[in-house]
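Below is one structure, written out as structure tokens, with a few remarks after it.
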Amino acid sequence: MSEQDQLQGLRVRIDSLDEKILELISERARCAEEVARVKMAALQPGEKPVFYRPEREAWVLKHIMEINPGPLGNEEVARLFREIMSSCLALEHPLKVAYLGPEGTFTQAATLKHFGHAVVSQPMAAIDEVFREVAAGAVNFGVVPVENSTEGAVNHTLDSFLEHDLVICGEVELRIHHHLLVGENTKTNKLSRIYSHAQSLAQCRKWLDAHYPNVERVAVSSNADAAKRVKSEWSSAAIAGDMAAQLYGLTKLAEKIEDRPDNATRFLIIGNQEVPPTGDDKTSIIVSTSNKPGALHDLLAPFHQNGIDLTRIETRPSRSGKWTYVFFIDFVGHQQDPLIRQVLEQIGQKTVAVKVLGSYPKAVL
Ligand SMILES: O=C(O)C(=O)C[C@]1(C(=O)O)C=C[C@@H](O)C=C1
């Protein structure tokens, strides 16, 4: 059989499979519409419907990865189902999500990775604004960066939790690849400035020392802002990611220039909704202790005694007194698990105050 005939035969098969896939996706979407009707019908007077169910979404994605027969990889199939669910949810009720902008930031990429492309995403100028939009009910959820594997905690986010009463509903992790970007008119042999966010400059410090030791490094409010400036300046370059490069039509002079190849940032989804357990959850708490010797040891002992995995501990000034501190602690488990309840009670007896920021499914994608 000629190549042409073979291709013709395979394409006929693909067309027929696409039609079946479309039929099944449409049937799934009709099911989601039915789910929305059931949720609405079950509402008590004054109760608001909850369309977005992070615990269910985590289960669906994990299940798909478990039964994936290949040849597509697990991440690839999960990404496809992520988008199908995103569209189904938009049929039920379009979600509004605020993120740390401007457009083209890694936080926008994290938002789309977590919620899919069918959400209505709104860029905010600062982390605190994301918190305020969610608290005011202007959006359903917010997405903010909380820690980077190279540079550590994002203090603005931690501090905002001290000022707002919001719940952590999820987490998402994003591999961060930085590129050196230039515009069409950039004279690449005459670079005098490299713009980027301070954290990104820090994440590429060694690479910059080796390749551009004498070029001024200018910290700006975001990587997307850096990319925007470069468009109109012939002697500047920016360090930013793929989304910003695409958005501003820049080309890569050098790719993946981050000093650590495993550079990743963790983002939190903030909202007003408590998330039920999935069996594979994390919990985040804020604790303030008295300022006396052994206080931190007393605080951590119940975790150790009960075999609970701490995944992170961070200290910040409490803002309510000089030299007093609060601890942000993340650990494995859900606040409704009996063992975790017991640990939280024990901690409550030993500390000045404990506040649970939320229990949420571990990042799946
Ligand atoms: O199971 C639900 O509660 C749904 O609303 C359906 C569905 C889905 O498409 O599978 C859609 C949105 C939710 O966030 C979770 C799952």
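As shown in the structure tokens, the chain order sets the letters A, B, ...; within each chain, residues go from 1, and ligands are also counted from 1 in the order they appear.
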Could you give me, as a tab-separated table, every chain A residue with an atom at most 7 Å from ligand 1, plus its closest atom pair and distance in Å to one decimal, counting only C-alpha atoms and all ligand atoms, rows ordered by chain then number?
```
residue	atom	partner	partner_atom_place_in_ligand_line	distance
A:Ala32	CA	ligand 1	6 (C)	5.1
A:Val35	CA	ligand 1	5 (O)	5.8
A:Ala36	CA	ligand 1	5 (O)	6.5
A:Phe51	CA	ligand 1	5 (O)	5.3
A:Tyr52	CA	ligand 1	14 (O)	3.6
A:Arg53	CA	ligand 1	14 (O)	3.8
A:Pro54	CA	ligand 1	14 (O)	5.7
A:Arg56	CA	ligand 1	15 (C)	5.2
A:Glu57	CA	ligand 1	15 (C)	5.0
A:Val60	CA	ligand 1	10 (O)	6.9
A:Met85	CA	ligand 1	9 (O)	4.1
A:Ser86	CA	ligand 1	9 (O)	6.9
A:Cys88	CA	ligand 1	9 (O)	4.8
A:Leu89	CA	ligand 1	12 (C)	4.4
```
Take the selection from the previous step and output its residues with C-alpha atoms, as a compact mmCIF listing (two decimals), in the first residue's frame.
```txt
# COMPACT_ATOMS: atom_id res chain seq x y z
CA ALA A 32 -22.15 18.34 34.54
CA VAL A 35 -24.94 18.01 38.51
CA ALA A 36 -25.49 21.78 38.65
CA PHE A 51 -20.00 24.31 42.07
CA TYR A 52 -16.22 24.00 42.28
CA ARG A 53 -15.16 20.86 44.19
CA PRO A 54 -11.36 20.66 44.51
CA ARG A 56 -13.52 15.76 43.45
CA GLU A 57 -11.26 17.30 40.79
CA VAL A 60 -10.80 12.58 38.88
CA MET A 85 -13.37 19.48 33.58
CA SER A 86 -12.62 23.18 33.38
CA CYS A 88 -17.69 21.39 32.25
CA LEU A 89 -17.41 23.55 35.36
```
Each region 241-291 of chain A residue no farther than 10 Å from region 345-352 of chain A, nearest pair in Å, only C-alpha atoms, as CSV:
```
residue,atom,partner,partner_atom,distance
A:Val287,CA,A:Thr351,CA,7.2
A:Ser288,CA,A:Val352,CA,5.6
A:Thr289,CA,A:Thr351,CA,4.8
A:Ser290,CA,A:Val352,CA,6.2
A:Asn291,CA,A:Val352,CA,9.9
```
I want to know what sits within 7 Å of region 166-176 of chain A, based on only C-alpha atoms, with residues of the same chain fewer than 5 positions away left out; could you give that as a ChimeraX atom specification? /A:110,114,135,263-275,357-363
Please produce a file of those selected residues containing C-alpha atoms, as a short mmCIF file (atom, residue, chain, number, x, y, z; two decimals), in the first residue's frame.
```
data_model
loop_
_atom_site.label_atom_id
_atom_site.label_comp_id
_atom_site.auth_asym_id
_atom_site.auth_seq_id
_atom_site.Cartn_x
_atom_site.Cartn_y
_atom_site.Cartn_z
CA ALA A 110 -0.14 28.50 37.71
CA HIS A 114 -4.74 24.51 38.33
CA ALA A 135 -12.38 38.63 50.81
CA ASN A 263 13.70 25.52 40.24
CA ALA A 264 9.98 25.45 41.14
CA THR A 265 7.44 27.74 42.76
CA ARG A 266 4.50 26.70 44.89
CA PHE A 267 1.29 28.71 44.69
CA LEU A 268 -1.76 28.67 46.95
CA ILE A 269 -5.41 28.83 45.99
CA ILE A 270 -7.25 31.05 48.46
CA GLY A 271 -11.01 31.26 48.90
CA ASN A 272 -13.83 30.95 51.41
CA GLN A 273 -14.61 27.27 51.01
CA GLU A 274 -13.53 24.45 53.35
CA VAL A 275 -12.41 21.41 51.33
CA LEU A 357 -5.66 28.23 57.31
CA GLY A 358 -7.07 25.23 55.49
CA SER A 359 -6.80 21.57 54.54
CA TYR A 360 -6.57 20.89 50.82
CA PRO A 361 -5.62 18.16 48.31
CA LYS A 362 -1.90 17.81 47.58
CA ALA A 363 -1.03 19.18 44.14
#
```
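Take CA of Val146 (chain A) and CA of Ser160 (chain A): the distance between them is 10.8 Å.
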Region 3-199 of chain A: residues DSSP assigns to helix (DSSP H, G or I), reported as a VMD selection string: chain A and resid 3 to 41 54 to 67 74 to 92 106 to 115 127 to 135 155 to 163 188 to 190 198 to 199
Each residue of region 218-328 of chain A with at least one atom at most 9 Å from region 177-195 of chain A should appear once, together with its nearest atom pair and the corresponding distance in Å (one decimal); atoms considered: only C-alpha atoms; ordering: chain, then increasing residue number; output as CSV.
```
residue,atom,partner,partner_atom,distance
A:Val218,CA,A:Tyr195,CA,4.8
A:Ala219,CA,A:Tyr195,CA,5.9
A:Val220,CA,A:Tyr195,CA,6.5
A:Asn223,CA,A:Tyr195,CA,7.8
A:Asp225,CA,A:Tyr195,CA,8.6
A:Ala226,CA,A:Tyr195,CA,5.1
A:Ala227,CA,A:Leu181,CA,7.3
A:Arg229,CA,A:Tyr195,CA,8.1
A:Val230,CA,A:Gly183,CA,6.3
A:Lys231,CA,A:Gly183,CA,5.3
A:Ser232,CA,A:Gly183,CA,7.9
A:Glu233,CA,A:Thr186,CA,7.0
A:Trp234,CA,A:Thr186,CA,4.1
A:Ser235,CA,A:Leu191,CA,4.7
A:Ser236,CA,A:Arg193,CA,4.8
A:Ala237,CA,A:Ile194,CA,4.8
A:Ala238,CA,A:Tyr195,CA,4.7
A:Ile239,CA,A:Leu180,CA,4.8
A:Ala240,CA,A:His178,CA,5.2
A:Gly241,CA,A:His178,CA,5.0
A:Asp242,CA,A:His179,CA,7.7
A:Ala245,CA,A:Leu181,CA,7.0
A:Tyr248,CA,A:Gly183,CA,8.6
A:Gly249,CA,A:Gly183,CA,7.3
A:Leu250,CA,A:Gly183,CA,4.9
A:Thr251,CA,A:Leu181,CA,5.5
A:Lys252,CA,A:Leu181,CA,4.7
A:Leu253,CA,A:Leu180,CA,5.4
A:Ala254,CA,A:Leu180,CA,5.1
A:Glu255,CA,A:His179,CA,4.6
A:Lys256,CA,A:His178,CA,5.1
A:Ile257,CA,A:His178,CA,5.6
A:Glu258,CA,A:His178,CA,5.8
A:Pro261,CA,A:His177,CA,8.3
A:Asn263,CA,A:His177,CA,7.4
A:Ala264,CA,A:His177,CA,8.4
```
As a list in words, list the residues of region 4-161 of chain A assigned to strand (DSSP E or B) by DSSP on the backbone atoms of this structure. Lys96, Val97, Ala98, Tyr99, Leu100, Val120, Ser121, Gln122, Pro123, Met124, Phe141, Gly142, Val143, Val144, Pro145, Val146, Glu147, Asn148, Gly152 and Ala153 of chain A
Go ahead and save the picked residues with N, CA and C atoms, as a PDB file, in the first residue's frame.
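Result file is part-v5.pdb:
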```
ATOM      1  N   LYS A  96     -14.592  32.863  38.672  1.00  0.00           N
ATOM      2  CA  LYS A  96     -13.743  34.053  38.529  1.00  0.00           C
ATOM      3  C   LYS A  96     -12.559  33.895  39.475  1.00  0.00           C
ATOM      4  N   VAL A  97     -11.354  34.048  38.941  1.00  0.00           N
ATOM      5  CA  VAL A  97     -10.153  33.849  39.749  1.00  0.00           C
ATOM      6  C   VAL A  97      -9.216  35.044  39.597  1.00  0.00           C
ATOM      7  N   ALA A  98      -8.826  35.643  40.735  1.00  0.00           N
ATOM      8  CA  ALA A  98      -7.861  36.754  40.703  1.00  0.00           C
ATOM      9  C   ALA A  98      -6.458  36.183  40.911  1.00  0.00           C
ATOM     10  N   TYR A  99      -5.467  36.719  40.223  1.00  0.00           N
ATOM     11  CA  TYR A  99      -4.095  36.237  40.402  1.00  0.00           C
ATOM     12  C   TYR A  99      -3.133  37.418  40.420  1.00  0.00           C
ATOM     13  N   LEU A 100      -1.934  37.160  40.942  1.00  0.00           N
ATOM     14  CA  LEU A 100      -0.927  38.217  40.955  1.00  0.00           C
ATOM     15  C   LEU A 100      -0.465  38.453  39.517  1.00  0.00           C
ATOM     16  N   VAL A 120     -12.438  32.549  34.263  1.00  0.00           N
ATOM     17  CA  VAL A 120     -12.253  33.973  33.952  1.00  0.00           C
ATOM     18  C   VAL A 120     -11.175  34.457  34.918  1.00  0.00           C
ATOM     19  N   SER A 121      -9.976  34.737  34.404  1.00  0.00           N
ATOM     20  CA  SER A 121      -8.882  35.105  35.317  1.00  0.00           C
ATOM     21  C   SER A 121      -8.624  36.609  35.257  1.00  0.00           C
ATOM     22  N   GLN A 122      -8.420  37.187  36.429  1.00  0.00           N
ATOM     23  CA  GLN A 122      -8.261  38.650  36.515  1.00  0.00           C
ATOM     24  C   GLN A 122      -6.939  39.009  37.181  1.00  0.00           C
ATOM     25  N   PRO A 123      -6.050  39.709  36.438  1.00  0.00           N
ATOM     26  CA  PRO A 123      -4.758  40.071  37.038  1.00  0.00           C
ATOM     27  C   PRO A 123      -4.908  41.189  38.070  1.00  0.00           C
ATOM     28  N   MET A 124      -4.188  41.069  39.184  1.00  0.00           N
ATOM     29  CA  MET A 124      -4.168  42.117  40.227  1.00  0.00           C
ATOM     30  C   MET A 124      -2.746  42.646  40.342  1.00  0.00           C
ATOM     31  N   PHE A 141     -12.017  32.809  43.739  1.00  0.00           N
ATOM     32  CA  PHE A 141     -10.754  32.334  44.303  1.00  0.00           C
ATOM     33  C   PHE A 141      -9.618  33.280  43.919  1.00  0.00           C
ATOM     34  N   GLY A 142      -8.480  33.113  44.616  1.00  0.00           N
ATOM     35  CA  GLY A 142      -7.287  33.882  44.273  1.00  0.00           C
ATOM     36  C   GLY A 142      -6.102  32.938  44.178  1.00  0.00           C
ATOM     37  N   VAL A 143      -5.085  33.324  43.403  1.00  0.00           N
ATOM     38  CA  VAL A 143      -3.862  32.515  43.307  1.00  0.00           C
ATOM     39  C   VAL A 143      -2.659  33.413  43.599  1.00  0.00           C
ATOM     40  N   VAL A 144      -1.852  32.978  44.581  1.00  0.00           N
ATOM     41  CA  VAL A 144      -0.677  33.757  44.993  1.00  0.00           C
ATOM     42  C   VAL A 144       0.535  32.834  45.165  1.00  0.00           C
ATOM     43  N   PRO A 145       1.749  33.343  44.870  1.00  0.00           N
ATOM     44  CA  PRO A 145       2.937  32.506  45.097  1.00  0.00           C
ATOM     45  C   PRO A 145       3.231  32.453  46.588  1.00  0.00           C
ATOM     46  N   VAL A 146       3.735  31.308  47.074  1.00  0.00           N
ATOM     47  CA  VAL A 146       4.025  31.238  48.513  1.00  0.00           C
ATOM     48  C   VAL A 146       5.464  30.831  48.809  1.00  0.00           C
ATOM     49  N   GLU A 147       6.083  30.039  47.927  1.00  0.00           N
ATOM     50  CA  GLU A 147       7.499  29.716  48.169  1.00  0.00           C
ATOM     51  C   GLU A 147       8.159  29.273  46.876  1.00  0.00           C
ATOM     52  N   ASN A 148       9.459  29.586  46.799  1.00  0.00           N
ATOM     53  CA  ASN A 148      10.257  29.145  45.656  1.00  0.00           C
ATOM     54  C   ASN A 148      11.374  28.251  46.159  1.00  0.00           C
ATOM     55  N   GLY A 152      13.112  30.691  48.547  1.00  0.00           N
ATOM     56  CA  GLY A 152      12.401  30.619  49.825  1.00  0.00           C
ATOM     57  C   GLY A 152      11.033  31.284  49.811  1.00  0.00           C
ATOM     58  N   ALA A 153      10.614  31.736  51.006  1.00  0.00           N
ATOM     59  CA  ALA A 153       9.220  32.179  51.204  1.00  0.00           C
ATOM     60  C   ALA A 153       8.904  33.479  50.488  1.00  0.00           C
TER      61      ALA A 153
END
```
Atom-to-atom span, CA of Gln108 (chain A) and CA of Val154 (chain A), Å: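 Computing it gives 16.3 Å between the two atoms.
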Contacts of Arg319 (chain A) at 9 Å or less, counting only C-alpha atoms, minus same-chain residues fewer than 6 places along, as an mmCIF file with C-alpha atoms, in the first residue's frame?
```
data_model
loop_
_atom_site.group_PDB
_atom_site.id
_atom_site.type_symbol
_atom_site.label_atom_id
_atom_site.label_comp_id
_atom_site.auth_asym_id
_atom_site.auth_seq_id
_atom_site.Cartn_x
_atom_site.Cartn_y
_atom_site.Cartn_z
ATOM 1 C CA ASP A 159 1.841 38.448 55.939
ATOM 2 C CA LEU A 162 -2.309 37.603 59.152
ATOM 3 C CA TYR A 325 6.800 35.873 66.023
#
```
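Every protein, DNA or RNA residue with an atom at most 12 Å from Glu75 (chain A), where only C-alpha atoms count and chain neighbours fewer than 5 positions away do not, is listed here: Leu61, Lys62, Ile64, Met65, Glu66, Asn68, Gly70, Leu80, Phe81, Arg82, Lys113, Val364 and Leu365 of chain A.
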Write out, as an mmCIF file, in the first residue's frame, the residues just selected, with N, CA and C atoms.
```cif
data_model
loop_
_atom_site.group_PDB
_atom_site.id
_atom_site.type_symbol
_atom_site.label_atom_id
_atom_site.label_comp_id
_atom_site.auth_asym_id
_atom_site.auth_seq_id
_atom_site.Cartn_x
_atom_site.Cartn_y
_atom_site.Cartn_z
ATOM 1 N N LEU A 61 -8.582 13.520 38.458
ATOM 2 C CA LEU A 61 -7.273 13.572 37.778
ATOM 3 C C LEU A 61 -6.384 12.399 38.188
ATOM 4 N N LYS A 62 -6.411 12.073 39.483
ATOM 5 C CA LYS A 62 -5.583 10.952 39.952
ATOM 6 C C LYS A 62 -6.065 9.645 39.349
ATOM 7 N N ILE A 64 -7.638 9.165 36.538
ATOM 8 C CA ILE A 64 -7.254 9.121 35.122
ATOM 9 C C ILE A 64 -5.784 8.703 34.987
ATOM 10 N N MET A 65 -4.936 9.245 35.868
ATOM 11 C CA MET A 65 -3.510 8.897 35.799
ATOM 12 C C MET A 65 -3.290 7.426 36.155
ATOM 13 N N GLU A 66 -4.100 6.930 37.099
ATOM 14 C CA GLU A 66 -3.939 5.535 37.525
ATOM 15 C C GLU A 66 -4.347 4.547 36.432
ATOM 16 N N ASN A 68 -4.472 5.207 33.181
ATOM 17 C CA ASN A 68 -3.958 5.589 31.860
ATOM 18 C C ASN A 68 -3.212 4.426 31.193
ATOM 19 N N GLY A 70 -1.594 4.555 28.361
ATOM 20 C CA GLY A 70 -0.549 5.015 27.457
ATOM 21 C C GLY A 70 -1.034 4.943 26.018
ATOM 22 N N LEU A 80 -5.216 17.032 29.654
ATOM 23 C CA LEU A 80 -6.387 17.019 28.779
ATOM 24 C C LEU A 80 -7.679 16.978 29.608
ATOM 25 N N PHE A 81 -7.698 16.092 30.617
ATOM 26 C CA PHE A 81 -8.903 15.991 31.450
ATOM 27 C C PHE A 81 -9.091 17.233 32.309
ATOM 28 N N ARG A 82 -7.977 17.863 32.688
ATOM 29 C CA ARG A 82 -8.050 19.142 33.424
ATOM 30 C C ARG A 82 -8.885 20.149 32.611
ATOM 31 N N LYS A 113 -2.877 26.314 35.018
ATOM 32 C CA LYS A 113 -2.517 24.911 35.263
ATOM 33 C C LYS A 113 -3.497 24.296 36.273
ATOM 34 N N VAL A 364 -1.840 17.751 42.335
ATOM 35 C CA VAL A 364 -1.872 16.515 41.527
ATOM 36 C C VAL A 364 -1.029 16.706 40.262
ATOM 37 N N LEU A 365 -1.176 17.832 39.601
ATOM 38 C CA LEU A 365 -0.463 18.055 38.318
ATOM 39 C C LEU A 365 0.932 18.609 38.523
#
```
